[in-house]
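Visitor: Dropping the structure in here first, questions after.
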Amino acid sequence: MPQQHRAPTSTANREPHRQRAERDIIALGIVVAAILMFVGTGSTVLTTIARSYLFGEAGTDRLLSNALVLNIALVIFGWRRYAELTREIAERRHAEIASQRLAETDALTGCLNRRSLDPALDTLIETAQKSGRVAVLLMIDLDGFKRSNDAHGHQIGDIVLCQTTDRIRAIMPDDALIARLGGDEFICAMILDAPARSAAETILLRLNLAIAAPIESADSMIIVTASIGVSSSEQASVVPIFRLAQDLLHRADLAMYEAKKNGRNRFCWFEDAMEQKLRLRRQFETDMRDGIMRGEFVPYYEKQIDLETGEVIGFEMLARWHSPRFGLINPEQFISVAEEIGLIAQLSESLIAQALADAGDWNPKLSLSVNISPIQLRDPLFAQRILKLLVQANFPPSRLEIEITESCLHENIEIVRSLIASLQNQGVRVCLDDFGTGYASLAQLRALPFDRIKIDRSFVSTLISNSESPAIVEAISSLARSMDMPITAEGIESPEVLAQLRKFGKFNGQGYLYGQPRSADDTRRELSMQQLDENDAPAHQTQNLKSATT
């Protein structure tokens, strides 16, 4: 039984109890005295009454008779008070049990709560160790629960949690612990015979299948799955009993996140390598925070080409991290981490400020494109932050193009519409990036006034190798022409891809065919050399130079 934790009783609360106890003691004294008096006077009075009726002797003393009646009344009063006390004690006991249950269990599901989990888990682990068996701990996190909650409402979310709890109870052993830590996270612990892995995995497979079964609501079928992290006392290092529970929780938590990374709707056992990955991740995060302050994150620039003329018309800014510990790191490795730990806005604005300063030295005809994280678009002041950077850099808004991904449209289209309008009112162009990956609908394209769309590189780079890609590119091109919207195609990596792309219309393009992204200094030197060549070369040589880039 988990240890009870009672809140201290205030002086104001103790005073009525003390007064009631004093009254009860006085009442008990009166009852005892009444019983003694009844014994003392009752025998005399009753004997006298009996002789008076039987033998005609003189009547009883009036004073003794009154005393007997008073004694009887006091005994009756005492009995009634005893019955009331018994009822009060029973009610108080029920109230204490209900209060204890509320303090130690989750009100929605009836599982243990965070407060009662620790002592219960310590007891379970101690029982397992004394019996020579194994304590197995599960960390269960529901996949897609937040999305379901947002779509169907919290009332349906509560139904999902309750039914999930019932399914867990039906599969776990009778003596297992089941706790809900809040939200959609559950902790389960059970005792199994050693070795425990085989028996545990049988239970885990059943859990995954049971939780993933559809849940019927009033108007829809709801499906959530579970990512489960598993640890056991067989794996645990030698630590004191009071720390073993926290050790198992920590390991199960790491394993649960590994299960999510590996595709969700599965279970994953803790492995020592996960601890090493966690240490590296923490070091990575610390280095990121320090690196932003030290200016280790720098912009690189990838050319954007007018495919019809072969001219460089601008550059897309791509982030790079010159890490002293890890070397040169591409954004695919750190952007998601920056989003998770809340650094993305600081990092992005720092890079944009550097890029605006770099691009200020370029030919004024060249544009600058920058990518924006969906998280940044949740900030209603985002447009003002961009405009402030433009003012500080004295950079013309018409040369800046903000690229947002299709996934942004899935979050809050009203906020996105407001931000696009704010930016465009100041002259900044807005491009829909990664078009074709499945989020944007035709209605959204009509509702949001994008200045350009960019075809996702996965379709362009596979124009030759994938039979479906040409049809997709052609459909996007036709759609853009009908809406009079310019197109940029990224991922042009070979002459064959370029030749195939040109069949579908007029594009701007970028890709490794035109060179790798380069640092600010290399880009500046390349632009200077190109300007010198164009100034010195005859017109026909300049035309040949442009043709060479195509």
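Labeling convention for the structure tokens: chains A, B, ... as they appear, residues from 1 per chain, ligands from 1 in order of appearance.
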Assign secondary structure with DSSP using the backbone only, and return the residues of segment 250-314 of chain A in strand (DSSP E or B) as a list in words.

Guide: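 Output for segment 250-314 of chain A, strand (DSSP E or B) only: Arg266, Phe267, Cys268, Trp269, Phe297, Val298, Pro299, Tyr300, Tyr301, Glu302, Lys303, Gln304, Ile305, Asp306, Val312, Ile313 and Gly314 of chain A.
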
Visitor: Selected residues, N, CA and C atoms, written as a short mmCIF file (atom, residue, chain, number, x, y, z; two decimals), in the first residue's frame, please.

Guide:
```cif
data_model
loop_
_atom_site.label_atom_id
_atom_site.label_comp_id
_atom_site.auth_asym_id
_atom_site.auth_seq_id
_atom_site.Cartn_x
_atom_site.Cartn_y
_atom_site.Cartn_z
N ARG A 266 5.54 0.77 -31.47
CA ARG A 266 6.46 -0.35 -31.22
C ARG A 266 7.02 -0.21 -29.82
N PHE A 267 7.73 -1.24 -29.37
CA PHE A 267 8.42 -1.17 -28.09
C PHE A 267 9.93 -1.28 -28.33
N CYS A 268 10.68 -0.77 -27.38
CA CYS A 268 12.13 -0.77 -27.51
C CYS A 268 12.74 -0.98 -26.12
N TRP A 269 13.66 -1.93 -26.01
CA TRP A 269 14.36 -2.18 -24.76
C TRP A 269 15.51 -1.18 -24.61
N PHE A 297 27.71 29.63 -36.30
CA PHE A 297 26.71 29.36 -37.34
C PHE A 297 26.82 30.47 -38.39
N VAL A 298 27.03 30.05 -39.63
CA VAL A 298 27.25 31.02 -40.70
C VAL A 298 26.38 30.67 -41.90
N PRO A 299 26.05 31.67 -42.72
CA PRO A 299 25.27 31.40 -43.94
C PRO A 299 26.17 30.96 -45.10
N TYR A 300 25.70 29.98 -45.83
CA TYR A 300 26.28 29.60 -47.12
C TYR A 300 25.26 29.95 -48.19
N TYR A 301 25.71 30.04 -49.44
CA TYR A 301 24.82 30.53 -50.48
C TYR A 301 24.82 29.60 -51.70
N GLU A 302 23.62 29.23 -52.15
CA GLU A 302 23.45 28.38 -53.33
C GLU A 302 22.83 29.22 -54.46
N LYS A 303 23.42 29.13 -55.64
CA LYS A 303 22.97 29.94 -56.78
C LYS A 303 21.55 29.57 -57.19
N GLN A 304 20.84 30.59 -57.64
CA GLN A 304 19.55 30.42 -58.29
C GLN A 304 19.68 30.99 -59.70
N ILE A 305 19.31 30.18 -60.70
CA ILE A 305 19.58 30.47 -62.11
C ILE A 305 18.27 30.64 -62.87
N ASP A 306 18.24 31.60 -63.77
CA ASP A 306 17.16 31.69 -64.75
C ASP A 306 17.51 30.68 -65.85
N VAL A 312 22.68 34.16 -63.28
CA VAL A 312 22.47 34.06 -61.84
C VAL A 312 21.55 35.19 -61.42
N ILE A 313 20.42 34.84 -60.82
CA ILE A 313 19.44 35.86 -60.43
C ILE A 313 19.36 36.06 -58.92
N GLY A 314 20.01 35.17 -58.18
CA GLY A 314 19.99 35.31 -56.73
C GLY A 314 20.61 34.11 -56.06
#
```

Visitor: Let's see if you can do this: from backbone DSSP, list all alpha helix (DSSP H) residues in segment 496-525 of chain A, as a list in words.

Guide: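 Checking each residue of segment 496-525 of chain A, the alpha helix (DSSP H) ones are Glu496, Val497, Leu498, Ala499, Gln500, Leu501, Arg502, Ala520, Asp521, Asp522, Thr523, Arg524 and Arg525 of chain A.
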
Visitor: Skip Phe186 of chain A itself and residues of its chain fewer than 2 positions away, then list as a PyMOL selection string all residues within 12 Å of it, counting only C-alpha atoms.

Guide: chain A and resi 106+109+111-114+117+137-142+161-162+164-165+168-169+177-184+188-189+226-229+249+252-253+256

Visitor: Using only C-alpha atoms for the distances, tell me which of A:Val230, A:Ile335, A:Ile203, A:Val75 is nearest to Pro173 of chain A.

Guide: A:Ile203

Visitor: Which residues are close to Ala475 of chain A, i.e. within 12 Å by only C-alpha atoms, leaving aside same-chain residues fewer than 3 positions away? Reply as a PyMOL selection string.

Guide: chain A and resi 435-436+455+459+468-472+478-482+504-505
